[in-house]
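Everything on this sheet refers to the single structure shown next.
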Amino acid sequence: MMYEQKPSSSPAINSVWRAFVEEPDIYTDPANEFWGLAFTRRSDATLRAELIGPSLQPRVLESIQGDNYWGVEFRSHVVIDGASKQSILGETVELAVDGDFFEFLGRQYSIPEYEGLEAFVGRLLDDGAIVSRDDVGRSLAGDIGGYSPRSWQRHIRWVTGLSRKQIEQLERARAAFFLLQSGYSASSAAAAAGYADQAHMSRSLRLLRSETPAQIIARHVAD
(Lines give C-alpha, C1' and ligand atoms only; values in the text may rest on other atoms or scores of the structure.)
Protein backbone atom coordinates (compact mmCIF):
# COMPACT_ATOMS: atom_id res chain seq x y z
CA MET A 1 0.00 0.00 0.00
CA MET A 2 1.27 3.46 -0.90
CA TYR A 3 0.75 5.73 2.12
CA GLU A 4 1.46 9.40 2.82
CA GLN A 5 0.80 11.39 5.99
CA LYS A 6 1.78 14.97 6.69
CA PRO A 7 1.23 17.49 9.50
CA SER A 8 -0.88 20.59 8.93
CA SER A 9 -0.37 24.25 9.70
CA SER A 10 -4.01 24.42 10.82
CA PRO A 11 -4.36 24.44 14.64
CA ALA A 12 -7.48 22.27 14.23
CA ILE A 13 -5.73 19.49 12.29
CA ASN A 14 -3.23 16.93 13.51
CA SER A 15 -2.51 15.49 10.06
CA VAL A 16 -3.87 14.77 6.60
CA TRP A 17 -3.21 11.46 4.90
CA ARG A 18 -3.86 9.39 1.79
CA ALA A 19 -3.30 5.84 0.61
CA PHE A 20 -3.62 3.78 -2.56
CA VAL A 21 -4.00 0.01 -2.29
CA GLU A 22 -1.94 -1.93 -4.82
CA GLU A 23 -2.44 -5.29 -3.09
CA PRO A 24 -5.17 -6.23 -0.57
CA ASP A 25 -3.90 -6.22 2.98
CA ILE A 26 -4.84 -6.18 6.66
CA TYR A 27 -3.10 -3.67 8.90
CA THR A 28 -3.33 -2.25 12.41
CA ASP A 29 -4.35 1.33 13.12
CA PRO A 30 -2.87 2.26 16.54
CA ALA A 31 -4.96 3.72 19.34
CA ASN A 32 -4.98 7.51 19.39
CA GLU A 33 -6.85 10.47 20.82
CA PHE A 34 -7.76 11.94 17.43
CA TRP A 35 -11.08 11.75 15.64
CA GLY A 36 -11.38 12.28 11.95
CA LEU A 37 -13.07 12.01 8.61
CA ALA A 38 -12.04 9.44 6.01
CA PHE A 39 -13.07 9.10 2.37
CA THR A 40 -12.78 6.21 -0.07
CA ARG A 41 -12.98 6.11 -3.83
CA ARG A 42 -13.56 2.48 -4.76
CA SER A 43 -12.25 0.88 -7.91
CA ASP A 44 -15.74 1.29 -9.44
CA ALA A 45 -15.53 5.09 -8.76
CA THR A 46 -18.21 5.08 -6.04
CA LEU A 47 -17.46 7.12 -2.91
CA ARG A 48 -17.65 6.41 0.82
CA ALA A 49 -17.37 8.71 3.86
CA GLU A 50 -16.72 7.75 7.49
CA LEU A 51 -16.50 9.44 10.86
CA ILE A 52 -13.72 7.83 12.91
CA GLY A 53 -13.78 8.16 16.69
CA PRO A 54 -10.79 8.29 19.05
CA SER A 55 -9.73 4.90 20.37
CA LEU A 56 -8.01 3.33 23.36
CA GLN A 57 -7.36 0.09 21.47
CA PRO A 58 -5.72 -0.61 18.10
CA ARG A 59 -8.09 -1.35 15.25
CA VAL A 60 -7.57 -4.00 12.57
CA LEU A 61 -8.46 -2.64 9.12
CA GLU A 62 -8.77 -4.30 5.74
CA SER A 63 -7.68 -2.49 2.59
CA ILE A 64 -9.15 -3.44 -0.79
CA GLN A 65 -7.12 -3.56 -3.98
CA GLY A 66 -7.67 -0.59 -6.26
CA ASP A 67 -9.25 1.64 -3.58
CA ASN A 68 -8.05 5.17 -2.86
CA TYR A 69 -8.31 6.44 0.73
CA TRP A 70 -7.75 9.93 2.12
CA GLY A 71 -8.70 11.81 5.24
CA VAL A 72 -7.99 14.19 8.06
CA GLU A 73 -7.18 13.69 11.74
CA PHE A 74 -8.47 16.51 13.95
CA ARG A 75 -6.81 17.74 17.11
CA SER A 76 -8.32 16.20 20.24
CA HIS A 77 -9.61 19.61 21.43
CA VAL A 78 -11.77 20.10 18.32
CA VAL A 79 -15.46 19.55 19.14
CA ILE A 80 -18.03 17.94 16.86
CA ASP A 81 -21.14 20.09 16.89
CA GLY A 82 -24.07 18.12 18.26
CA ALA A 83 -22.20 14.87 18.83
CA SER A 84 -20.39 13.33 21.79
CA LYS A 85 -16.94 11.88 21.18
CA GLN A 86 -17.58 9.40 23.97
CA SER A 87 -20.44 8.00 21.87
CA ILE A 88 -18.05 7.25 18.97
CA LEU A 89 -15.09 6.15 21.10
CA GLY A 90 -13.51 3.23 19.27
CA GLU A 91 -16.16 3.38 16.55
CA THR A 92 -16.19 4.03 12.83
CA VAL A 93 -19.50 5.47 11.65
CA GLU A 94 -20.43 5.33 7.96
CA LEU A 95 -21.91 8.60 6.71
CA ALA A 96 -24.62 8.85 4.07
CA VAL A 97 -23.25 9.54 0.57
CA ASP A 98 -25.24 10.76 -2.42
CA GLY A 99 -23.09 10.98 -5.52
CA ASP A 100 -20.26 13.42 -4.75
CA PHE A 101 -21.88 14.66 -1.51
CA PHE A 102 -21.95 13.30 2.04
CA GLU A 103 -24.02 14.13 5.09
CA PHE A 104 -22.23 15.34 8.20
CA LEU A 105 -24.32 16.06 11.30
CA GLY A 106 -27.43 16.89 9.28
CA ARG A 107 -25.58 19.06 6.74
CA GLN A 108 -24.59 18.12 3.21
CA TYR A 109 -21.07 18.75 1.93
CA SER A 110 -19.22 18.03 -1.28
CA ILE A 111 -16.61 15.32 -0.67
CA PRO A 112 -13.24 17.10 -0.75
CA GLU A 113 -10.23 15.76 -2.60
CA TYR A 114 -7.00 15.18 -0.69
CA GLU A 115 -5.51 18.50 -1.81
CA GLY A 116 -8.58 20.37 -0.54
CA LEU A 117 -8.84 18.81 2.94
CA GLU A 118 -7.39 21.76 4.84
CA ALA A 119 -9.64 24.25 3.06
CA PHE A 120 -12.58 21.94 3.75
CA VAL A 121 -11.79 21.92 7.48
CA GLY A 122 -11.69 25.71 7.34
CA ARG A 123 -15.20 25.64 5.93
CA LEU A 124 -16.40 23.30 8.71
CA LEU A 125 -14.98 25.74 11.26
CA ASP A 126 -16.61 28.72 9.53
CA ASP A 127 -19.94 26.86 9.43
CA GLY A 128 -19.69 25.99 13.13
CA ALA A 129 -19.97 22.28 12.27
CA ILE A 130 -16.78 21.82 14.29
CA VAL A 131 -15.37 24.10 16.98
CA SER A 132 -11.78 24.39 18.16
CA ARG A 133 -11.75 24.58 21.97
CA ASP A 134 -8.45 26.37 22.34
CA ASP A 135 -8.85 26.53 26.13
CA VAL A 136 -8.78 22.73 26.22
CA GLY A 137 -5.79 22.68 23.90
CA ARG A 138 -3.92 24.96 26.30
CA SER A 139 -5.02 22.86 29.26
CA LEU A 140 -3.67 19.70 27.65
CA ALA A 141 -0.37 21.57 27.30
CA GLY A 142 -0.40 22.28 31.06
CA ASP A 143 -2.23 25.62 31.38
CA ILE A 144 -5.42 25.19 33.43
CA GLY A 145 -6.04 28.94 33.64
CA GLY A 146 -6.78 29.18 37.36
CA TYR A 147 -9.47 26.50 37.38
CA SER A 148 -9.27 23.50 39.66
CA PRO A 149 -7.66 20.35 38.21
CA ARG A 150 -10.87 18.41 38.94
CA SER A 151 -12.97 20.88 36.93
CA TRP A 152 -10.59 20.67 34.01
CA GLN A 153 -10.53 16.87 34.12
CA ARG A 154 -14.31 16.83 33.66
CA HIS A 155 -14.15 19.45 30.92
CA ILE A 156 -11.38 17.64 29.03
CA ARG A 157 -13.32 14.38 29.09
CA TRP A 158 -16.45 16.14 27.82
CA VAL A 159 -14.57 17.73 24.89
CA THR A 160 -12.20 14.91 23.92
CA GLY A 161 -14.08 11.79 25.06
CA LEU A 162 -10.98 10.78 27.03
CA SER A 163 -9.38 11.67 30.34
CA ARG A 164 -6.20 13.72 30.41
CA LYS A 165 -4.35 10.67 31.77
CA GLN A 166 -5.52 8.56 28.83
CA ILE A 167 -4.38 11.22 26.35
CA GLU A 168 -0.98 11.41 28.07
CA GLN A 169 -0.64 7.61 27.79
CA LEU A 170 -1.36 7.77 24.06
CA GLU A 171 1.10 10.63 23.57
CA ARG A 172 3.82 8.77 25.50
CA ALA A 173 3.33 5.59 23.46
CA ARG A 174 3.49 7.58 20.23
CA ALA A 175 6.71 9.29 21.38
CA ALA A 176 8.25 5.92 22.27
CA PHE A 177 7.29 4.51 18.87
CA PHE A 178 9.01 7.35 17.00
CA LEU A 179 12.10 7.08 19.20
CA LEU A 180 12.36 3.35 18.51
CA GLN A 181 11.85 4.03 14.80
CA SER A 182 14.66 6.58 14.96
CA GLY A 183 17.19 4.04 16.22
CA TYR A 184 16.92 4.36 20.01
CA SER A 185 17.41 1.22 22.05
CA ALA A 186 14.40 0.02 24.04
CA SER A 187 15.87 1.19 27.35
CA SER A 188 16.83 4.61 25.95
CA ALA A 189 13.42 5.11 24.34
CA ALA A 190 11.64 4.21 27.59
CA ALA A 191 13.65 6.77 29.54
CA ALA A 192 13.30 9.50 26.90
CA ALA A 193 9.54 8.98 26.56
CA GLY A 194 9.02 9.23 30.32
CA TYR A 195 8.22 5.62 31.22
CA ALA A 196 9.12 4.28 34.66
CA ASP A 197 11.00 1.41 33.02
CA GLN A 198 11.32 -0.61 29.81
CA ALA A 199 8.72 -3.16 30.90
CA HIS A 200 6.14 -0.41 31.37
CA MET A 201 6.82 0.88 27.84
CA SER A 202 6.54 -2.64 26.40
CA ARG A 203 3.13 -3.19 28.03
CA SER A 204 1.89 0.16 26.75
CA LEU A 205 3.03 -0.46 23.17
CA ARG A 206 1.45 -3.92 23.10
CA LEU A 207 -1.83 -2.51 24.43
CA LEU A 208 -2.03 0.63 22.27
CA ARG A 209 -0.19 -0.44 19.09
CA SER A 210 -0.22 -4.28 19.15
CA GLU A 211 3.57 -4.19 18.77
CA THR A 212 6.57 -4.87 20.96
CA PRO A 213 9.69 -2.65 21.03
CA ALA A 214 11.64 -5.50 19.39
CA GLN A 215 9.17 -5.61 16.47
CA ILE A 216 9.36 -1.83 15.97
CA ILE A 217 13.17 -1.85 16.07
CA ALA A 218 13.34 -4.84 13.69
CA ARG A 219 11.13 -3.04 11.16
CA HIS A 220 13.33 0.05 11.42
CA VAL A 221 16.46 -2.01 10.74
CA ALA A 222 14.77 -3.73 7.79
CA ASP A 223 13.80 -0.37 6.29
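Here's how to read the names in the C-alpha coordinates: chain A, B, ... by the order shown, residue numbers from 1 in each chain, ligand numbers from 1 in the order shown.
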
Residues of segment 153-211 of chain A that approach segment 31-42 of chain A to 10 Å or less, counting only C-alpha atoms: could you list each one with the shortest pair of atoms and its distance in Å to one decimal, rows by chain and increasing residue number, as CSV?
```
residue,atom,partner,partner_atom,distance
A:Thr160,CA,A:Glu33,CA,7.6
A:Gly161,CA,A:Glu33,CA,8.5
A:Leu162,CA,A:Glu33,CA,7.5
A:Ser163,CA,A:Glu33,CA,9.9
A:Gln166,CA,A:Glu33,CA,8.3
A:Ile167,CA,A:Glu33,CA,6.1
A:Glu168,CA,A:Glu33,CA,9.4
A:Gln169,CA,A:Asn32,CA,9.5
A:Leu170,CA,A:Asn32,CA,5.9
A:Glu171,CA,A:Asn32,CA,8.0
A:Ala173,CA,A:Ala31,CA,9.4
A:Arg174,CA,A:Asn32,CA,8.5
A:Leu205,CA,A:Ala31,CA,9.8
A:Leu207,CA,A:Ala31,CA,8.6
A:Leu208,CA,A:Ala31,CA,5.2
A:Arg209,CA,A:Ala31,CA,6.3
A:Ser210,CA,A:Ala31,CA,9.3
```

Go ahead and save the picked residues with all heavy atoms, as a short mmCIF file (atom, residue, chain, number, x, y, z; two decimals), in the first residue's frame.
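That gives us out-v1.cif:
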```
data_model
loop_
_atom_site.label_atom_id
_atom_site.label_comp_id
_atom_site.auth_asym_id
_atom_site.auth_seq_id
_atom_site.Cartn_x
_atom_site.Cartn_y
_atom_site.Cartn_z
N THR A 160 -13.01 15.87 24.68
CA THR A 160 -12.20 14.91 23.92
C THR A 160 -12.75 13.49 23.93
O THR A 160 -12.36 12.67 23.09
CB THR A 160 -10.77 14.86 24.46
OG1 THR A 160 -10.77 14.28 25.78
CG2 THR A 160 -10.15 16.26 24.53
N GLY A 161 -13.60 13.17 24.90
CA GLY A 161 -14.08 11.79 25.06
C GLY A 161 -13.15 10.94 25.88
O GLY A 161 -13.44 9.78 26.16
N LEU A 162 -12.00 11.51 26.29
CA LEU A 162 -10.98 10.78 27.03
C LEU A 162 -10.55 11.61 28.25
O LEU A 162 -10.74 12.83 28.29
CB LEU A 162 -9.75 10.53 26.15
CG LEU A 162 -9.97 9.76 24.85
CD1 LEU A 162 -8.72 9.86 23.98
CD2 LEU A 162 -10.30 8.31 25.14
N SER A 163 -9.95 10.94 29.21
CA SER A 163 -9.38 11.67 30.34
C SER A 163 -8.00 12.20 29.94
O SER A 163 -7.38 11.72 28.99
CB SER A 163 -9.24 10.76 31.56
OG SER A 163 -8.23 9.78 31.34
N GLN A 166 -5.47 9.43 30.00
CA GLN A 166 -5.52 8.56 28.83
C GLN A 166 -4.82 9.21 27.63
O GLN A 166 -4.08 8.55 26.89
CB GLN A 166 -6.97 8.23 28.48
CG GLN A 166 -7.62 7.27 29.46
CD GLN A 166 -9.11 7.14 29.26
OE1 GLN A 166 -9.79 8.09 28.85
NE2 GLN A 166 -9.65 5.96 29.57
N ILE A 167 -5.04 10.51 27.44
CA ILE A 167 -4.38 11.22 26.35
C ILE A 167 -2.87 11.23 26.55
O ILE A 167 -2.10 11.01 25.61
CB ILE A 167 -4.92 12.66 26.24
CG1 ILE A 167 -6.38 12.63 25.78
CG2 ILE A 167 -4.08 13.50 25.28
CD1 ILE A 167 -7.06 13.97 25.77
N GLU A 168 -2.42 11.43 27.79
CA GLU A 168 -0.98 11.41 28.07
C GLU A 168 -0.39 10.03 27.78
O GLU A 168 0.74 9.92 27.27
CB GLU A 168 -0.73 11.80 29.53
CG GLU A 168 -0.99 13.28 29.81
CD GLU A 168 -0.93 13.62 31.28
OE1 GLU A 168 -0.91 12.67 32.11
OE2 GLU A 168 -0.90 14.82 31.62
N GLN A 169 -1.13 8.96 28.08
CA GLN A 169 -0.64 7.61 27.79
C GLN A 169 -0.48 7.40 26.28
O GLN A 169 0.51 6.80 25.83
CB GLN A 169 -1.61 6.58 28.37
CG GLN A 169 -1.60 6.50 29.89
CD GLN A 169 -2.72 5.62 30.43
OE1 GLN A 169 -3.74 5.42 29.77
NE2 GLN A 169 -2.54 5.11 31.64
N LEU A 170 -1.44 7.90 25.51
CA LEU A 170 -1.36 7.77 24.06
C LEU A 170 -0.20 8.59 23.50
O LEU A 170 0.53 8.13 22.61
CB LEU A 170 -2.69 8.23 23.44
CG LEU A 170 -3.89 7.32 23.72
CD1 LEU A 170 -5.20 8.04 23.40
CD2 LEU A 170 -3.80 6.03 22.92
N GLU A 171 0.00 9.79 24.02
CA GLU A 171 1.10 10.63 23.57
C GLU A 171 2.45 9.99 23.90
O GLU A 171 3.38 10.03 23.08
CB GLU A 171 1.00 12.02 24.22
CG GLU A 171 -0.17 12.86 23.72
CD GLU A 171 -0.32 14.16 24.47
OE1 GLU A 171 0.17 14.25 25.62
OE2 GLU A 171 -0.93 15.09 23.91
N ALA A 173 3.11 6.76 24.33
CA ALA A 173 3.33 5.59 23.46
C ALA A 173 3.74 6.02 22.06
O ALA A 173 4.61 5.39 21.43
CB ALA A 173 2.06 4.74 23.40
N ARG A 174 3.13 7.10 21.56
CA ARG A 174 3.49 7.58 20.23
C ARG A 174 4.93 8.11 20.22
O ARG A 174 5.69 7.87 19.27
CB ARG A 174 2.52 8.69 19.82
CG ARG A 174 2.60 9.09 18.37
CD ARG A 174 1.33 9.77 17.88
NE ARG A 174 0.90 10.85 18.74
CZ ARG A 174 -0.22 10.83 19.46
NH1 ARG A 174 -1.02 9.78 19.43
NH2 ARG A 174 -0.55 11.86 20.20
N LEU A 205 2.99 -0.30 24.62
CA LEU A 205 3.03 -0.46 23.17
C LEU A 205 2.22 -1.67 22.70
O LEU A 205 1.56 -1.62 21.66
CB LEU A 205 4.48 -0.57 22.70
CG LEU A 205 5.31 0.72 22.80
CD1 LEU A 205 6.77 0.45 22.48
CD2 LEU A 205 4.75 1.80 21.89
N LEU A 207 -0.42 -2.84 24.21
CA LEU A 207 -1.83 -2.51 24.43
C LEU A 207 -2.34 -1.51 23.39
O LEU A 207 -3.45 -1.67 22.86
CB LEU A 207 -2.02 -1.94 25.83
CG LEU A 207 -3.43 -1.46 26.20
CD1 LEU A 207 -4.40 -2.64 26.21
CD2 LEU A 207 -3.42 -0.76 27.55
N LEU A 208 -1.55 -0.48 23.09
CA LEU A 208 -2.03 0.63 22.27
C LEU A 208 -1.66 0.51 20.79
O LEU A 208 -2.29 1.14 19.95
CB LEU A 208 -1.48 1.95 22.82
CG LEU A 208 -1.89 2.28 24.26
CD1 LEU A 208 -1.20 3.55 24.74
CD2 LEU A 208 -3.41 2.42 24.38
N ARG A 209 -0.63 -0.32 20.49
CA ARG A 209 -0.19 -0.44 19.09
C ARG A 209 -0.13 -1.89 18.60
O ARG A 209 0.14 -2.13 17.42
CB ARG A 209 1.19 0.19 18.92
CG ARG A 209 1.29 1.65 19.29
CD ARG A 209 2.62 2.23 18.81
NE ARG A 209 2.66 2.25 17.35
CZ ARG A 209 2.30 3.30 16.61
NH1 ARG A 209 1.90 4.42 17.19
NH2 ARG A 209 2.36 3.25 15.29
N SER A 210 -0.34 -2.85 19.49
CA SER A 210 -0.22 -4.28 19.15
C SER A 210 1.16 -4.62 18.63
O SER A 210 1.33 -5.48 17.74
CB SER A 210 -1.28 -4.68 18.11
OG SER A 210 -2.57 -4.59 18.64
#
```

Margin query: Give me, as number ranges by chain, the residues of segment 58-136 of chain A that a backbone DSSP run labels strand (DSSP E or B).
Written below: A: 59-63, 68-74, 78-80, 92-95, 97-98, 101-104, 107-110, 130-132

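Counting from atom CA of Gly122 of chain A, the distance to atom CA of Leu105 of chain A is 16.4 Å.
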
Checklist line | Exercise: Asp134 of chain A partners within 9 Å, only C-alpha atoms, chain neighbours under 4 positions left out, as a VMD selection string | finding: chain A and resid 11 77 to 78 138 to 139

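Take atom CA of Tyr27 of chain A and atom CA of Phe102 of chain A: the distance between them is 26.3 Å.
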
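The smallest atom-to-atom distance between Asp127 of chain A and any of A:Leu95, A:Ala196, A:Ile13, A:Ile80, using only C-alpha atoms, is found for A:Ile80.
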